[in-house]
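For reference, model12.csv is printed below; it contains CSV, C-alpha atoms.
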```csv
chain,number,residue,atom,x,y,z
A,73,MET,CA,-52.4,3.6,125.2
A,74,THR,CA,-55.1,3.5,127.9
A,75,GLU,CA,-55.3,1.2,130.9
A,76,LYS,CA,-58.0,-0.8,129.2
A,77,GLU,CA,-55.9,-1.3,126.1
A,78,ALA,CA,-52.9,-2.3,128.2
A,79,VAL,CA,-54.9,-5.0,130.0
A,80,ALA,CA,-56.3,-6.2,126.7
A,81,LYS,CA,-52.9,-6.5,125.2
A,82,LEU,CA,-51.6,-8.5,128.1
A,83,GLU,CA,-54.5,-10.9,127.7
A,84,ALA,CA,-53.6,-11.2,124.0
A,85,LEU,CA,-50.0,-12.0,124.8
A,86,ARG,CA,-50.6,-14.6,127.6
A,87,ALA,CA,-49.4,-17.5,125.5
A,88,GLU,CA,-46.4,-15.7,124.0
A,89,LEU,CA,-45.3,-14.4,127.4
A,90,ASP,CA,-46.0,-17.8,129.1
A,91,ILE,CA,-48.5,-16.3,131.6
A,92,PRO,CA,-50.7,-19.0,133.2
A,93,GLU,CA,-54.5,-18.6,132.6
A,94,SER,CA,-55.0,-18.9,136.4
A,95,PHE,CA,-53.2,-15.5,136.9
A,96,SER,CA,-55.9,-12.8,137.3
A,97,LEU,CA,-55.5,-9.0,137.1
A,98,GLN,CA,-54.1,-7.6,140.3
A,99,GLU,CA,-53.1,-4.1,139.4
A,100,ALA,CA,-52.6,-1.7,136.5
A,101,GLU,CA,-50.6,1.5,137.1
A,102,GLU,CA,-49.2,4.2,134.8
A,103,ARG,CA,-45.7,5.2,135.9
A,104,PHE,CA,-42.2,6.1,134.7
A,105,ILE,CA,-40.0,3.0,134.5
A,106,GLU,CA,-36.5,2.1,133.6
A,107,TYR,CA,-35.6,-1.0,131.6
A,108,THR,CA,-32.6,-2.6,130.0
A,109,ALA,CA,-32.5,-4.9,127.0
A,110,ASP,CA,-31.7,-7.8,129.3
A,111,ILE,CA,-33.0,-7.4,132.9
A,112,LEU,CA,-30.3,-9.7,134.2
A,113,GLU,CA,-27.4,-7.9,132.6
A,114,PRO,CA,-26.0,-4.4,133.3
A,115,GLY,CA,-26.2,-2.0,130.3
A,116,PRO,CA,-27.7,1.2,129.0
A,117,VAL,CA,-30.9,2.0,130.8
A,118,SER,CA,-33.9,3.5,129.0
A,119,SER,CA,-36.8,5.3,130.6
A,120,ALA,CA,-40.4,5.1,129.5
A,121,ARG,CA,-43.8,6.2,130.6
A,122,ALA,CA,-45.5,2.9,130.8
A,123,TRP,CA,-48.6,1.0,131.8
A,124,CYS,CA,-47.5,-1.6,134.2
A,125,VAL,CA,-50.0,-4.4,134.4
A,126,ARG,CA,-49.7,-7.1,137.0
A,127,VAL,CA,-51.4,-10.5,137.0
A,128,GLY,CA,-51.0,-13.2,139.6
A,129,LYS,CA,-52.2,-15.9,141.9
A,130,ASP,CA,-51.3,-16.1,145.6
A,131,SER,CA,-47.7,-14.9,145.9
A,132,ALA,CA,-46.8,-15.6,142.2
A,133,TRP,CA,-47.1,-12.7,139.7
A,134,VAL,CA,-46.0,-11.4,136.3
A,135,GLU,CA,-45.8,-7.7,135.5
A,136,VAL,CA,-45.8,-6.6,131.9
A,137,SER,CA,-44.9,-2.9,131.1
A,138,PHE,CA,-46.1,-1.3,127.9
A,139,ASP,CA,-44.7,1.9,126.5
A,140,VAL,CA,-47.6,4.4,126.6
A,141,ASP,CA,-46.6,6.0,123.3
A,142,SER,CA,-45.8,2.9,121.2
A,143,GLY,CA,-47.8,0.2,123.0
A,144,GLU,CA,-44.7,-2.1,122.8
A,145,VAL,CA,-43.8,-4.4,125.6
A,146,VAL,CA,-40.7,-2.9,127.2
A,147,ARG,CA,-40.3,-5.0,130.3
A,148,VAL,CA,-41.5,-8.3,131.8
A,149,MET,CA,-40.9,-9.1,135.4
A,150,ARG,CA,-41.7,-12.3,137.2
A,151,SER,CA,-41.8,-13.2,140.9
A,152,ARG,CA,-39.5,-16.0,141.8
A,153,SER,CA,-42.4,-18.4,142.2
A,154,ALA,CA,-43.7,-17.5,138.7
A,155,ALA,CA,-40.3,-17.7,136.9
B,164,MET,CA,14.5,1.6,159.0
B,165,ARG,CA,15.1,-2.1,159.9
B,166,ARG,CA,12.0,-3.6,161.5
B,167,ASP,CA,13.2,-6.2,164.0
B,168,GLN,CA,11.4,-7.8,166.9
B,169,ARG,CA,12.3,-4.9,169.2
B,170,VAL,CA,10.4,-2.5,167.0
B,171,TYR,CA,7.3,-4.8,166.9
B,172,ARG,CA,7.6,-5.1,170.7
B,173,ALA,CA,7.7,-1.3,171.1
B,174,GLU,CA,4.6,-1.0,168.9
B,175,SER,CA,2.8,-3.6,171.0
B,176,LEU,CA,3.7,-1.9,174.2
B,177,LEU,CA,2.5,1.4,173.0
B,178,ARG,CA,-0.8,-0.2,171.9
B,179,GLU,CA,-1.3,-1.6,175.4
B,180,VAL,CA,-0.6,1.8,177.0
B,181,LEU,CA,-3.0,3.6,174.7
B,182,VAL,CA,-5.8,1.1,175.3
B,183,GLN,CA,-5.3,1.4,179.1
B,184,GLU,CA,-5.3,5.1,179.0
B,185,ARG,CA,-8.5,5.2,177.0
B,186,ARG,CA,-10.1,2.6,179.3
B,187,ALA,CA,-9.6,5.0,182.2
B,188,VAL,CA,-11.3,7.9,180.6
B,189,ALA,CA,-13.8,6.3,178.1
B,190,PRO,CA,-14.2,2.6,178.7
B,191,GLU,CA,-16.8,2.2,175.9
B,192,GLU,CA,-14.3,3.4,173.3
B,193,ALA,CA,-11.5,1.1,174.6
B,194,THR,CA,-13.3,-2.2,173.8
B,195,ASP,CA,-12.2,-2.3,170.1
B,196,LEU,CA,-9.5,0.4,170.2
B,197,ALA,CA,-6.7,-2.1,169.7
B,198,GLU,CA,-8.2,-3.1,166.3
B,199,ARG,CA,-8.7,0.5,165.4
B,200,LEU,CA,-5.2,1.6,166.1
B,201,TRP,CA,-2.6,1.8,163.3
B,202,LEU,CA,1.0,2.1,164.6
B,203,ARG,CA,4.1,2.6,162.6
B,204,ALA,CA,7.6,3.0,163.9
B,205,MET,CA,9.4,5.9,162.1
B,206,GLU,CA,12.7,5.9,163.9
B,207,SER,CA,14.6,3.4,166.0
B,208,LYS,CA,18.0,4.0,167.7
B,209,GLU,CA,20.3,2.6,170.3
B,210,LEU,CA,20.7,4.7,173.5
B,211,GLY,CA,23.3,2.5,175.1
B,212,ARG,CA,23.2,0.7,178.4
B,213,GLY,CA,20.7,-1.8,176.8
B,214,GLN,CA,18.2,0.8,176.0
B,215,ARG,CA,16.6,1.6,172.7
B,216,SER,CA,14.4,4.5,171.6
B,217,VAL,CA,11.6,3.9,169.0
B,218,ARG,CA,9.6,6.8,167.7
B,219,ILE,CA,6.1,5.7,166.6
B,220,CYS,CA,3.3,7.4,164.8
B,221,ALA,CA,-0.2,6.3,165.9
B,222,TRP,CA,-3.4,6.7,163.9
B,223,GLU,CA,-6.8,5.9,165.3
B,224,GLN,CA,-9.6,4.8,162.9
B,225,VAL,CA,-12.5,7.1,163.9
B,226,THR,CA,-15.1,5.7,161.7
B,227,LEU,CA,-15.8,3.5,158.6
B,228,ALA,CA,-17.6,5.6,156.0
B,229,THR,CA,-18.8,4.8,152.6
B,230,VAL,CA,-19.4,7.4,149.9
B,231,GLU,CA,-21.1,6.8,146.6
B,232,TRP,CA,-21.1,9.2,143.7
B,233,ASN,CA,-22.3,9.3,140.1
B,234,VAL,CA,-19.1,8.9,138.1
B,235,GLU,CA,-20.6,10.7,135.0
B,236,LYS,CA,-21.9,13.8,136.8
B,237,GLY,CA,-19.5,13.7,139.7
B,238,LYS,CA,-22.4,14.3,142.0
B,239,LEU,CA,-22.8,12.7,145.5
B,240,ALA,CA,-25.2,9.8,145.3
B,241,GLY,CA,-25.0,8.7,149.0
B,242,TRP,CA,-23.0,8.2,152.1
B,243,ILE,CA,-23.0,6.3,155.3
B,244,ASP,CA,-21.0,7.0,158.4
B,245,ASP,CA,-20.8,4.2,160.9
B,246,ARG,CA,-19.7,6.5,163.6
B,247,HIS,CA,-23.2,8.0,163.8
B,248,PHE,CA,-24.7,4.6,164.6
B,249,ARG,CA,-23.1,4.8,168.1
B,250,ASP,CA,-25.4,5.5,171.0
B,251,SER,CA,-28.5,5.0,168.9
B,252,ALA,CA,-30.9,3.9,171.6
B,253,PRO,CA,-34.6,3.4,170.6
B,254,VAL,CA,-35.8,6.7,171.8
B,255,GLU,CA,-38.9,8.4,170.4
B,256,LEU,CA,-38.5,10.9,167.6
B,257,ASP,CA,-41.5,12.4,166.0
B,258,VAL,CA,-41.8,12.8,162.3
B,259,GLU,CA,-41.8,16.6,162.3
B,260,SER,CA,-38.5,16.6,164.3
B,261,ALA,CA,-37.0,14.0,161.9
B,262,LEU,CA,-37.9,16.1,158.9
B,263,LYS,CA,-36.4,19.1,160.5
B,264,ILE,CA,-33.1,17.2,161.1
B,265,ALA,CA,-33.0,15.9,157.6
B,266,ALA,CA,-33.8,19.4,156.1
B,267,GLU,CA,-30.5,20.7,157.6
B,268,LYS,CA,-28.5,18.4,155.3
B,269,VAL,CA,-30.8,17.2,152.5
B,270,VAL,CA,-32.5,19.2,149.8
B,271,VAL,CA,-35.8,17.4,149.1
B,272,PRO,CA,-37.2,18.4,145.7
B,273,SER,CA,-40.8,19.6,145.4
B,274,SER,CA,-41.5,16.5,143.3
B,275,ALA,CA,-40.8,14.3,146.2
B,276,LYS,CA,-43.5,12.5,148.2
B,277,LEU,CA,-42.8,11.2,151.7
B,278,VAL,CA,-43.6,7.5,151.7
B,279,GLU,CA,-41.9,6.3,154.9
B,280,ALA,CA,-41.3,7.8,158.3
B,281,ARG,CA,-40.7,5.3,161.1
B,282,LEU,CA,-38.4,4.3,163.9
B,283,ASP,CA,-36.8,0.9,163.5
B,284,ALA,CA,-36.0,-0.2,167.0
B,285,SER,CA,-35.4,-3.9,166.2
B,286,SER,CA,-31.8,-3.6,167.5
B,287,PRO,CA,-31.4,-2.2,171.0
B,288,THR,CA,-28.0,-0.7,170.1
B,289,ARG,CA,-28.6,0.4,166.6
B,290,SER,CA,-32.0,1.9,166.3
B,291,VAL,CA,-32.6,4.2,163.4
B,292,PHE,CA,-35.3,6.5,162.1
B,293,HIS,CA,-36.1,6.1,158.4
B,294,LEU,CA,-37.3,8.8,156.1
B,295,ARG,CA,-37.9,7.9,152.5
B,296,TRP,CA,-39.3,9.9,149.6
B,297,HIS,CA,-40.3,8.8,146.2
B,298,HIS,CA,-40.1,10.8,143.0
B,299,TYR,CA,-43.3,11.9,141.3
B,300,TYR,CA,-43.4,13.6,137.9
B,301,LYS,CA,-46.6,14.8,136.2
B,302,LYS,CA,-48.4,13.1,139.1
B,303,LEU,CA,-46.9,9.7,138.1
B,304,TRP,CA,-44.6,7.6,140.2
B,305,VAL,CA,-41.0,7.6,138.9
B,306,GLU,CA,-40.1,4.0,139.7
B,307,GLY,CA,-36.7,3.5,141.2
B,308,ASP,CA,-36.1,7.1,142.3
B,309,PHE,CA,-35.8,7.8,146.0
B,310,ILE,CA,-34.1,9.6,148.8
B,311,HIS,CA,-33.5,7.6,151.9
B,312,VAL,CA,-32.2,9.1,155.1
B,313,LEU,CA,-31.3,7.4,158.3
B,314,ILE,CA,-31.2,9.4,161.5
B,315,ASN,CA,-29.8,8.5,164.9
B,316,PRO,CA,-32.7,9.2,167.2
B,317,THR,CA,-30.5,9.7,170.3
B,318,THR,CA,-27.9,12.1,168.9
B,319,ARG,CA,-30.3,13.5,166.2
B,320,ARG,CA,-27.7,13.3,163.6
B,321,LEU,CA,-27.8,11.9,160.1
B,322,ILE,CA,-26.3,8.4,159.7
B,323,SER,CA,-26.7,8.1,156.0
B,324,LEU,CA,-28.1,9.5,152.9
B,325,THR,CA,-28.9,7.6,149.7
B,326,ARG,CA,-30.2,9.4,146.7
B,327,LYS,CA,-31.2,8.3,143.2
B,328,TRP,CA,-33.1,11.0,141.3
B,329,ARG,CA,-33.5,11.1,137.5
B,330,LYS,CA,-33.8,14.2,135.5
B,331,MET,CA,-37.1,13.7,133.8
B,332,GLY,CA,-37.6,14.4,130.1
B,333,LYS,CA,-34.4,12.6,129.2
B,334,ARG,CA,-35.0,9.5,127.1
B,335,LYS,CA,-31.8,7.5,127.7
B,336,THR,CA,-29.6,7.3,130.7
B,337,ASN,CA,-26.6,5.1,131.4
B,338,ARG,CA,-26.2,3.5,134.7
```
Starting from the file, lay out its structure as structure tokens.
Amino acid sequence: MTEKEAVAKLEALRAELDIPESFSLQEAEERFIEYTADILEPGPVSSARAWCVRVGKDSAWVEVSFDVDSGEVVRVMRSRSAA
Amino acid sequence: MRRDQRVYRAESLLREVLVQERRAVAPEEATDLAERLWLRAMESKELGRGQRSVRICAWEQVTLATVEWNVEKGKLAGWIDDRHFRDSAPVELDVESALKIAAEKVVVPSSAKLVEARLDASSPTRSVFHLRWHHYYKKLWVEGDFIHVLINPTTRRLISLTRKWRKMGKRKTNR
């Protein structure tokens, strides 16, 4: 998966992930991340090389991480004001 | 041994004596000494003529330290020793010196990148110098991995070390 593909995939998933249209692209970075099945619960942690794409407006943001190999969404994080 | 009021009184008297003695030689240590002293009477006996002898063991809490380790690997993950916060006045400490102090106790992997080196002097009595490294693998940031070191700028000793460093290449980890 490339950066361009990750950004395009986020755009395609806006409705499904409940991301407001007013949130614009802020950052896209490839990095190694850790994630759990439920971000709020302790449990087995998986590692992935991922594209982390962040969109937002003012202080509110949503960051969606895509596994570089599979292209799957592995983690969605939201700022408190975007929750 | 029966613990009656006389034993408690003996412990209380000893506590006062120890605090007074400390105040005479190191007043700054005497301020909270009474709370840091643990006294325990081991033996109590009548001496006659209204006198009693009480043998007391005294322990002084030197510091409050916290140690964290990885329960799976048994490796040290971090520690903090409150004792080293003492006398931490906001004196200047350059980055090079701070790195040298840290290098005596901390092994920083070659995959680490220094991301923070600053003196936090927001408290006049508890100023600390922060050093923080992030983990990079194949030129990419390994989110969540870091080494964070606190240094007392006055005594130039390490106050704490916190380390979280994954072995890359492993798919699943349990934390």
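Taking all atoms listed in the file into account, the residues near (-51.4, -12.9, 139.7), no farther than 10 Å, are Ile91, Pro92, Glu93, Ser94, Phe95, Ser96, Leu97, Gln98, Glu99, Arg126, Val127, Gly128, Lys129, Asp130, Ser131, Ala132, Trp133, Val134, Glu135, Ser151 and Ala154 of chain A.
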*Show me which bits of chain A are within 9 Å of chain B, counting only C-alpha atoms, as an MDAnalysis selection string.*
chainID A and resid 102:106 114:121
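Of the listed residues (A:Ala155, A:Ile111, A:Val145, A:Met73), A:Val145 comes nearest to Leu85 (chain A); the distances count all atoms listed in the file.
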*Please, what distance in Å, to one decimal, runs between CA of Val140 (chain A) and CA of Ala78 (chain A)?*
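Answer for the CA of Val140 (chain A) to CA of Ala78 (chain A) separation: 8.7 Å.
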_Pairwise distance for CA of Ser286 (chain B) and CA of Phe248 (chain B), rounded to one decimal in Å_ =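 So the two atoms, CA of Ser286 (chain B) and CA of Phe248 (chain B), lie 11.2 Å apart.
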*Could you please determine the separation between CA of Pro253 (chain B) and CA of Arg319 (chain B) in Å, to one decimal place?*
11.8 Å
*Could you name the residues that touch Leu200 (chain B) at 12 Å or less, counting all atoms listed in the file, but leaving out those on the same chain fewer than 2 positions away, as an NGL selection string?*
:B and (174-175 or 177-182 or 185 or 192-198 or 202-203 or 220-226)
*Ala252 (chain B): which residues within 6 Å, counting all atoms listed in the file, same-chain residues fewer than 3 positions away excluded, as a PyMOL selection string?*
chain B and resi 288+290+317
*If you count all atoms listed in the file, which residues fall within 7 Å of region 231-246 of chain B, apart from same-chain ones fewer than 4 positions away, as a PyMOL selection string?*
chain B and resi 226-227+322-327
*Quick one: everything within 10 Å of Arg320 (chain B), counting all atoms listed in the file, minus sequence neighbours fewer than 6 positions away in the same chain. Send it as number ranges by chain.*
B: 247-248, 251, 261, 264-265, 267-268, 313-314
_Give me, as a ChimeraX atom specification, all polymer residues having an atom no more than 12 Å from Glu88 (chain A), counting all atoms listed in the file and skipping those fewer than 6 positions away in the same chain._
/A:81-82,145,148
*Best match for closeness to Leu277 (chain B) among B:Asp167, B:His293, B:Leu176, B:Val188, counting only C-alpha atoms*: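 Selected residue with least distance to Leu277 (chain B): B:His293.
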*For Asn315 (chain B), the nearest of the candidates B:Met205, B:Val271, B:Leu294, B:Ala228, counting all atoms listed in the file*: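 Closest candidate: B:Leu294.
Here the question is which of A:Tyr107, A:Asp139, A:Ala84, A:Arg147 gets nearest to Trp123 (chain A) using all atoms listed in the file, and that residue is A:Asp139.
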*From the set A:Thr74, A:Arg152, A:Ala87, A:Glu101, which residue has the shortest atom-to-atom contact distance to Ser137 (chain A), counting only C-alpha atoms?*
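Among the listed residues, A:Glu101 lies closest to Ser137 (chain A).
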N, CA and C atoms restored at region 96-121 of chain A, emitted as a compact mmCIF listing (two decimals), in the frame of the given file:
```
# COMPACT_ATOMS: atom_id res chain seq x y z
N SER A 96 -54.84 -13.84 137.55
CA SER A 96 -55.90 -12.80 137.30
C SER A 96 -55.28 -11.42 137.52
N LEU A 97 -55.99 -10.44 137.00
CA LEU A 97 -55.50 -9.00 137.10
C LEU A 97 -55.45 -8.60 138.55
N GLN A 98 -54.29 -8.06 138.94
CA GLN A 98 -54.10 -7.60 140.30
C GLN A 98 -54.00 -6.06 140.35
N GLU A 99 -53.32 -5.50 139.34
CA GLU A 99 -53.10 -4.10 139.40
C GLU A 99 -52.66 -3.55 138.01
N ALA A 100 -53.06 -2.33 137.72
CA ALA A 100 -52.60 -1.70 136.50
C ALA A 100 -52.27 -0.22 136.89
N GLU A 101 -51.03 0.18 136.67
CA GLU A 101 -50.60 1.50 137.10
C GLU A 101 -49.77 2.17 136.00
N GLU A 102 -50.04 3.44 135.78
CA GLU A 102 -49.20 4.20 134.80
C GLU A 102 -48.09 4.86 135.62
N ARG A 103 -46.86 4.62 135.20
CA ARG A 103 -45.70 5.20 135.90
C ARG A 103 -44.52 5.31 134.98
N PHE A 104 -43.50 6.00 135.46
CA PHE A 104 -42.20 6.10 134.70
C PHE A 104 -41.36 4.91 135.16
N ILE A 105 -40.86 4.17 134.19
CA ILE A 105 -40.00 3.00 134.50
C ILE A 105 -38.68 3.11 133.85
N GLU A 106 -37.78 2.27 134.31
CA GLU A 106 -36.50 2.10 133.60
C GLU A 106 -36.38 0.66 133.21
N TYR A 107 -35.75 0.43 132.07
CA TYR A 107 -35.60 -1.00 131.60
C TYR A 107 -34.30 -1.10 130.82
N THR A 108 -33.84 -2.32 130.78
CA THR A 108 -32.60 -2.60 130.00
C THR A 108 -33.02 -3.72 128.98
N ALA A 109 -32.17 -3.92 127.99
CA ALA A 109 -32.50 -4.90 127.00
C ALA A 109 -32.58 -6.31 127.64
N ASP A 110 -31.69 -6.57 128.59
CA ASP A 110 -31.70 -7.80 129.30
C ASP A 110 -31.75 -7.46 130.81
N ILE A 111 -32.84 -7.80 131.46
CA ILE A 111 -33.00 -7.40 132.90
C ILE A 111 -31.96 -7.94 133.80
N LEU A 112 -31.33 -9.04 133.38
CA LEU A 112 -30.30 -9.70 134.20
C LEU A 112 -28.92 -9.14 134.02
N GLU A 113 -28.75 -8.35 132.97
CA GLU A 113 -27.40 -7.90 132.60
C GLU A 113 -27.31 -6.33 132.80
N PRO A 114 -26.16 -5.83 133.25
CA PRO A 114 -26.00 -4.40 133.30
C PRO A 114 -25.88 -3.82 131.88
N GLY A 115 -26.30 -2.59 131.69
CA GLY A 115 -26.20 -2.00 130.30
C GLY A 115 -26.96 -0.70 130.29
N PRO A 116 -27.03 -0.09 129.11
CA PRO A 116 -27.70 1.20 129.00
C PRO A 116 -29.17 1.05 129.47
N VAL A 117 -29.58 2.04 130.23
CA VAL A 117 -30.90 2.00 130.80
C VAL A 117 -31.80 3.01 130.05
N SER A 118 -32.97 2.56 129.66
CA SER A 118 -33.90 3.50 129.00
C SER A 118 -35.05 3.77 129.93
N SER A 119 -35.61 4.95 129.76
CA SER A 119 -36.80 5.30 130.60
C SER A 119 -37.99 5.37 129.68
N ALA A 120 -39.13 5.06 130.26
CA ALA A 120 -40.40 5.10 129.50
C ALA A 120 -41.54 5.41 130.42
N ARG A 121 -42.52 6.08 129.87
CA ARG A 121 -43.80 6.20 130.60
C ARG A 121 -44.57 4.99 130.18
```
